[in-house]
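*Asks:* Here it is, the structure, as structure tokens.
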Amino acid sequence: MFKRILVANRGEIALRVIRACHDLGIEAVAVYSEADRDAPYLALADDTVCIGPGPAIESYLVVNRLIAAAEVTNSEAIHPGYGFLSENARFAEVCRESAIEFIGPPPEAMLRLGDKNAARAVAQEAGVPVVPGSNILEPDMDIAGIAKSIGYPVLIKASAGGGGRGMRVVREESALLASISSARQEAESAFKDGRVYMEKYIDRPRHVEVQILGDRQGNLVHLYERDCSMQRRHQKLVEESPAPRLPVEVRDAMCTAAVKLARTVGYYSAGTCEFLVDQENRFYFIEVNARIQVEHPVTELVTGVDLVREQIRVASGESLRFAQKEIVHRGCAIECRINAEDPTQNFRPSPGLITRWQPAGGPGVRLDTHAVAGYRVPPNYDSLVAKLLVFQPTREEALATMRRALSEFVVEGIHTTIPIHARIMNHPEFIAGRGYTTFIERELLG
Ligand code: ADP
């Protein structure tokens with residue numbers, strides 16, 4: 001097992017990884033940008049290294065600085081968290097070349113899955129259904145003909161996409177070319193990669209994803225599903241497991257498909273296979289997230305498996321400690337993402353000083369956060385300040401605990417998404433398990 005791990009991230013996930021290290025008796029080295037210099041969680045690390053100025057492009061995204069930080073602190077492994085360099089195959093390769101263990105999947109698998117359009121081909125190779133769609137769109141193609149054969153509405157997607165960027169819904173041919181060029185431009189500026197493709201736009205789907213975990217010995221298991229249908233602008237706000245009203249045979253087929261797909265690329269470590277489920281309960285693969293996800297604690301609560309600790313164990317060469325049949329799903333877990341955003345101002349980011357922080361607690365509540373009273377949320381990064389989770393035997397009880405926890409949680413000085421979560425948890429259609437990906441926009445904000 002490792003003695004020291006460098007945590008190449010910030011905020012709640014950095015703290016989450018530091019805690020997993022300490023649970024395993026491993027020292028954790030935290031890195032920080034100048035904007036995070038005063039972050040309280042840094043005091044929990046065994047060592048810290050400043051990696052540059054506030055903008056991520058000059059700190060958390062600079063491969064050489066992270067490698068140097070690992071080298072000067074004698075860290076044997078790097079945990080990338082999510083976002084930043086976590087899905088960067090080149091970073092995983094440089095770690096390997098520097099004899100530092102990258103706590104994640106092999107770079108070869110990341111390369112095959114990192115590109116959405118290429119990942120679709122992998123899914124098809126594995127016999128997993130994909131959303132009807134096209135290859136990368138090239139200027140000499142009959143683009144209008146392709147859209148027509150898929151059938152409107154279609155969705156233009158950036159192959160390098162993430163965070164909902166580079167996506168455009170097109171409802172009729174007259175808007176097609178303009179939407180493609182604006183999606184290309186957005187993808188080019190966000191990812192330096194303007195390649196786009198087309199998918200059938202599925203009407204009011206649910207987003208259901210399957211957690212997978214594998215070791216280097218070739219053992220691969222799934223840890224059941226999470227429903228992440230409650231989104232705003234294609235960004236998840238609420239996640240839960242089990243997926244409400246999902247027939248058990250559909251769930252089983254999705255879990256089997258996810259493992260098959262992962263096996264096709266020689267996957268190990270934690271990862272997530274994302275699917276859309278249409279109103280007839282047909283499922284379609286959309287992408288793989290080759291890293292730990294924000295919503296991983298939902299799965300930890302319903303399976304009792306600590307995914308971050310398992311990632312570290314398998315990276316050190318250990319075999320998985322359980323077979324598929326030993327992974328039991330029980331109860332219901334729900335997560336609300338508490339973002340520093342103002343729901344009354346179109347979810348504008350709301351960084352600044354937290355003057356009061358009275359967290360929720362008590363039976364059935366887990367709170368993953370790096371925030372405390374007196375903490376200043378920097379404007380430089382994503383706005384997630386806390387993940388409020390509940391775990392109860394049934395969904396009805398989990399919803400009641402979440403309502404109670406949201407009402408206990410008091411944050412002052414910044415705006416947060418707490419009020420919108422309270423509305424979601426009280427909405428009769430959500431309570432009935434009838435959420436879908438555009439529900440919040442249509443039913444709550446529309
Ligand atoms: P990103 O990587 O940018 O998050 P994803 O491919 O994971 O993009 O899709 C994000 C969300 O966009 C999905 O959860 C879903 O809400 C919506 N979406 C993606 N593809 C489709 C589609 N073909 N039809 C309808 N909605 C889609």
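Every chain in the structure tokens has a letter given in the order shown (A, B, ...), and although residue numbers restart at 1 in each chain, ligands are simply numbered from 1 in the order shown.
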Give me the residues near Gly194 in chain A as a VMD selection string, where near means some atom within 7 Å (using only C-alpha atoms) and where sequence neighbours in that chain fewer than 3 positions away do not count.
*Replies:* chain A and resid 158 184 to 185 187 to 188
*Asks:* So that I can see what lies close to Ser319 in chain A, please list as a PyMOL selection string the residues with an atom at most 9 Å from it, counting only C-alpha atoms and leaving out residues fewer than 4 positions away in the same chain.
*Replies:* chain A and resi 214-219+313-314
*Asks:* Could you take the residues named above and write them with N, CA and C atoms, as an mmCIF file, in the first residue's frame?
*Replies:*
data_model
loop_
_atom_site.group_PDB
_atom_site.id
_atom_site.type_symbol
_atom_site.label_atom_id
_atom_site.label_comp_id
_atom_site.auth_asym_id
_atom_site.auth_seq_id
_atom_site.Cartn_x
_atom_site.Cartn_y
_atom_site.Cartn_z
ATOM 1 N N GLY A 214 -13.384 -1.826 -10.903
ATOM 2 C CA GLY A 214 -12.589 -2.966 -11.356
ATOM 3 C C GLY A 214 -11.186 -2.919 -10.781
ATOM 4 N N ASP A 215 -10.511 -4.067 -10.815
ATOM 5 C CA ASP A 215 -9.117 -4.104 -10.373
ATOM 6 C C ASP A 215 -8.214 -4.459 -11.554
ATOM 7 N N ARG A 216 -6.929 -4.472 -11.294
ATOM 8 C CA ARG A 216 -5.975 -4.725 -12.373
ATOM 9 C C ARG A 216 -5.860 -6.191 -12.715
ATOM 10 N N GLN A 217 -6.504 -7.034 -11.904
ATOM 11 C CA GLN A 217 -6.494 -8.470 -12.178
ATOM 12 C C GLN A 217 -7.622 -8.835 -13.140
ATOM 13 N N GLY A 218 -8.418 -7.853 -13.532
ATOM 14 C CA GLY A 218 -9.490 -8.121 -14.505
ATOM 15 C C GLY A 218 -10.847 -8.371 -13.872
ATOM 16 N N ASN A 219 -10.958 -8.238 -12.557
ATOM 17 C CA ASN A 219 -12.275 -8.369 -11.930
ATOM 18 C C ASN A 219 -13.038 -7.054 -12.086
ATOM 19 N N ARG A 313 -7.102 1.269 -3.122
ATOM 20 C CA ARG A 313 -6.659 -0.122 -2.969
ATOM 21 C C ARG A 313 -6.301 -0.756 -4.316
ATOM 22 N N VAL A 314 -7.190 -0.595 -5.297
ATOM 23 C CA VAL A 314 -6.902 -1.264 -6.575
ATOM 24 C C VAL A 314 -5.728 -0.584 -7.286
#
*Asks:* Taking only C-alpha atoms and all ligand atoms into account, which residues have an atom no farther than 8 Å from ligand 1? I'd like them as an MDAnalysis selection string.
*Replies:* chainID A and resid 116 131 154:155 157:158 161:167 199:207 228:229 231 233:236 274:276 286:287 437:438
*Asks:* May I have the selected residues written with N, CA, C and O atoms, as a compact mmCIF listing (two decimals), in the first residue's frame?
*Replies:*
# COMPACT_ATOMS: atom_id res chain seq x y z
N LYS A 116 -16.72 11.27 -26.76
CA LYS A 116 -18.08 10.70 -26.73
C LYS A 116 -18.41 9.90 -27.98
O LYS A 116 -19.05 8.85 -27.90
N VAL A 131 -27.91 5.88 -28.41
CA VAL A 131 -28.93 6.75 -28.99
C VAL A 131 -28.69 6.78 -30.50
O VAL A 131 -27.53 6.96 -30.92
N VAL A 154 -33.26 16.78 -33.19
CA VAL A 154 -31.95 16.15 -33.00
C VAL A 154 -31.14 17.01 -32.02
O VAL A 154 -31.47 18.18 -31.78
N LEU A 155 -30.10 16.39 -31.47
CA LEU A 155 -29.23 17.10 -30.53
C LEU A 155 -27.82 17.11 -31.11
O LEU A 155 -27.28 16.05 -31.45
N LYS A 157 -24.01 17.45 -30.42
CA LYS A 157 -23.17 17.28 -29.23
C LYS A 157 -21.70 17.39 -29.58
O LYS A 157 -21.27 16.91 -30.62
N ALA A 158 -20.94 17.99 -28.66
CA ALA A 158 -19.49 18.08 -28.83
C ALA A 158 -18.88 16.74 -28.44
O ALA A 158 -19.18 16.23 -27.37
N GLY A 161 -17.12 16.92 -25.36
CA GLY A 161 -17.96 17.67 -24.43
C GLY A 161 -17.93 17.22 -22.98
O GLY A 161 -17.48 16.14 -22.64
N GLY A 162 -18.44 18.09 -22.15
CA GLY A 162 -18.56 17.86 -20.72
C GLY A 162 -19.26 19.07 -20.14
O GLY A 162 -19.26 20.15 -20.76
N GLY A 163 -19.89 18.86 -18.98
CA GLY A 163 -20.55 19.99 -18.32
C GLY A 163 -21.68 20.59 -19.14
O GLY A 163 -22.03 21.76 -18.96
N GLY A 164 -22.25 19.80 -20.03
CA GLY A 164 -23.39 20.27 -20.82
C GLY A 164 -23.02 21.29 -21.90
O GLY A 164 -23.90 21.87 -22.53
N ARG A 165 -21.72 21.49 -22.13
CA ARG A 165 -21.33 22.51 -23.11
C ARG A 165 -21.24 21.93 -24.53
O ARG A 165 -20.96 20.75 -24.71
N GLY A 166 -21.49 22.79 -25.51
CA GLY A 166 -21.43 22.36 -26.91
C GLY A 166 -22.63 21.54 -27.34
O GLY A 166 -22.55 20.76 -28.26
N MET A 167 -23.77 21.69 -26.64
CA MET A 167 -24.98 20.94 -27.01
C MET A 167 -26.03 21.91 -27.54
O MET A 167 -26.24 22.98 -26.99
N GLU A 199 -27.27 13.38 -32.37
CA GLU A 199 -28.02 12.28 -31.77
C GLU A 199 -29.49 12.59 -31.87
O GLU A 199 -29.89 13.76 -31.88
N LYS A 200 -30.30 11.57 -31.86
CA LYS A 200 -31.74 11.78 -31.72
C LYS A 200 -31.96 12.44 -30.36
O LYS A 200 -31.37 12.04 -29.35
N TYR A 201 -32.80 13.49 -30.32
CA TYR A 201 -33.11 14.12 -29.04
C TYR A 201 -34.27 13.37 -28.42
O TYR A 201 -35.38 13.32 -28.97
N ILE A 202 -33.99 12.77 -27.30
CA ILE A 202 -35.02 11.94 -26.66
C ILE A 202 -35.91 12.83 -25.79
O ILE A 202 -35.42 13.66 -25.03
N ASP A 203 -37.21 12.63 -25.95
CA ASP A 203 -38.18 13.48 -25.26
C ASP A 203 -38.31 13.05 -23.80
O ASP A 203 -38.62 11.89 -23.51
N ARG A 204 -38.12 13.98 -22.92
CA ARG A 204 -38.28 13.77 -21.48
C ARG A 204 -37.71 12.45 -20.97
O ARG A 204 -38.42 11.64 -20.38
N PRO A 205 -36.40 12.22 -21.22
CA PRO A 205 -35.81 10.97 -20.74
C PRO A 205 -35.45 11.06 -19.27
O PRO A 205 -35.45 12.15 -18.68
N ARG A 206 -35.14 9.93 -18.71
CA ARG A 206 -34.49 9.92 -17.40
C ARG A 206 -33.01 9.65 -17.62
O ARG A 206 -32.64 8.93 -18.55
N HIS A 207 -32.19 10.20 -16.75
CA HIS A 207 -30.75 9.93 -16.79
C HIS A 207 -30.48 8.91 -15.69
O HIS A 207 -30.68 9.19 -14.51
N CYS A 228 -30.16 10.38 -12.05
CA CYS A 228 -29.71 11.78 -11.98
C CYS A 228 -30.55 12.62 -12.93
O CYS A 228 -30.04 13.45 -13.70
N SER A 229 -31.85 12.38 -12.92
CA SER A 229 -32.73 13.06 -13.89
C SER A 229 -32.99 14.51 -13.52
O SER A 229 -33.38 15.29 -14.39
N GLN A 231 -32.08 17.83 -13.29
CA GLN A 231 -30.97 18.62 -13.80
C GLN A 231 -31.45 20.03 -14.14
O GLN A 231 -32.64 20.26 -14.33
N ARG A 233 -30.15 22.81 -17.02
CA ARG A 233 -29.22 22.99 -18.15
C ARG A 233 -28.27 21.81 -18.28
O ARG A 233 -27.05 22.00 -18.36
N HIS A 234 -28.80 20.62 -18.21
CA HIS A 234 -28.04 19.38 -18.35
C HIS A 234 -27.02 19.17 -17.23
O HIS A 234 -26.11 18.35 -17.35
N GLN A 235 -27.15 19.92 -16.15
CA GLN A 235 -26.26 19.76 -15.00
C GLN A 235 -27.06 19.16 -13.85
O GLN A 235 -28.12 19.67 -13.49
N LYS A 236 -26.52 18.09 -13.26
CA LYS A 236 -27.27 17.39 -12.21
C LYS A 236 -27.42 18.23 -10.95
O LYS A 236 -26.47 18.90 -10.54
N GLU A 274 -23.12 6.14 -18.31
CA GLU A 274 -24.35 6.94 -18.29
C GLU A 274 -25.30 6.50 -19.41
O GLU A 274 -24.86 6.29 -20.55
N PHE A 275 -26.58 6.42 -19.06
CA PHE A 275 -27.61 6.04 -20.02
C PHE A 275 -28.78 7.02 -19.96
O PHE A 275 -29.02 7.63 -18.91
N LEU A 276 -29.50 7.12 -21.04
CA LEU A 276 -30.81 7.76 -21.01
C LEU A 276 -31.85 6.66 -21.08
O LEU A 276 -31.65 5.66 -21.78
N ILE A 286 -25.05 6.88 -23.27
CA ILE A 286 -24.58 8.18 -23.78
C ILE A 286 -23.08 8.43 -23.57
O ILE A 286 -22.42 8.91 -24.46
N GLU A 287 -22.55 8.10 -22.40
CA GLU A 287 -21.10 8.30 -22.24
C GLU A 287 -20.59 7.60 -21.00
O GLU A 287 -21.37 7.15 -20.15
N THR A 437 -35.25 14.73 -17.33
CA THR A 437 -34.08 15.63 -17.34
C THR A 437 -34.42 17.11 -17.50
O THR A 437 -33.62 17.95 -17.11
N THR A 438 -35.58 17.43 -18.09
CA THR A 438 -35.93 18.84 -18.23
C THR A 438 -37.05 19.24 -17.27
O THR A 438 -37.67 20.30 -17.43
*Asks:* Tell me, as a PyMOL selection string, which residues lie within 7 Å of Val63 in chain A, counting only C-alpha atoms; anything in the same chain fewer than 3 positions away does not count.
*Replies:* chain A and resi 66-67+91
*Asks:* May I ask for the distance between CA of Arg291 in chain A and CA of Ala323 in chain A, given in Å to one decimal place?
*Replies:*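 That distance, rounded to one decimal, is 21.1 Å.
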*Asks:* Give me every strand (DSSP E or B) residue in range 8-54 of chain A, going by DSSP on the backbone, as a list in words.
*Replies:*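 Filtering range 8-54 of chain A down to strand (DSSP E or B) leaves Glu27, Ala28, Val29, Ala30, Val31, Tyr32, Asp47, Thr48, Val49 and Cys50 of chain A.
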*Asks:* Can you tell me how far CA of Gly361 in chain A sits from CA of Ala20 in chain A, in Å to one decimal?
*Replies:*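 CA of Ala20 in chain A lies at a distance of 20.7 Å from CA of Gly361 in chain A.
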*Asks:* Need to verify the contact set: Phe285 in chain A, 10 Å, only C-alpha atoms, exclusion of same-chain residues closer than 3 positions in sequence. Can you return it as an NGL selection string?
*Replies:* :A and (119-120 or 123-124 or 128-131 or 208-209 or 254 or 257-258 or 261 or 273-277 or 288)
*Asks:* Give me, as a tab-separated table, each residue of range 419-441 of chain A that comes within 12 Å of range 346-359 of chain A, together with its shortest interatomic pair and the distance in Å at one decimal, counting only C-alpha atoms, with rows ordered by chain and rising residue number.
*Replies:*
residue	atom	partner	partner_atom	distance
A:Pro419	CA	A:Phe347	CA	11.7
A:Ile420	CA	A:Phe347	CA	10.2
A:Glu441	CA	A:Asn346	CA	11.1
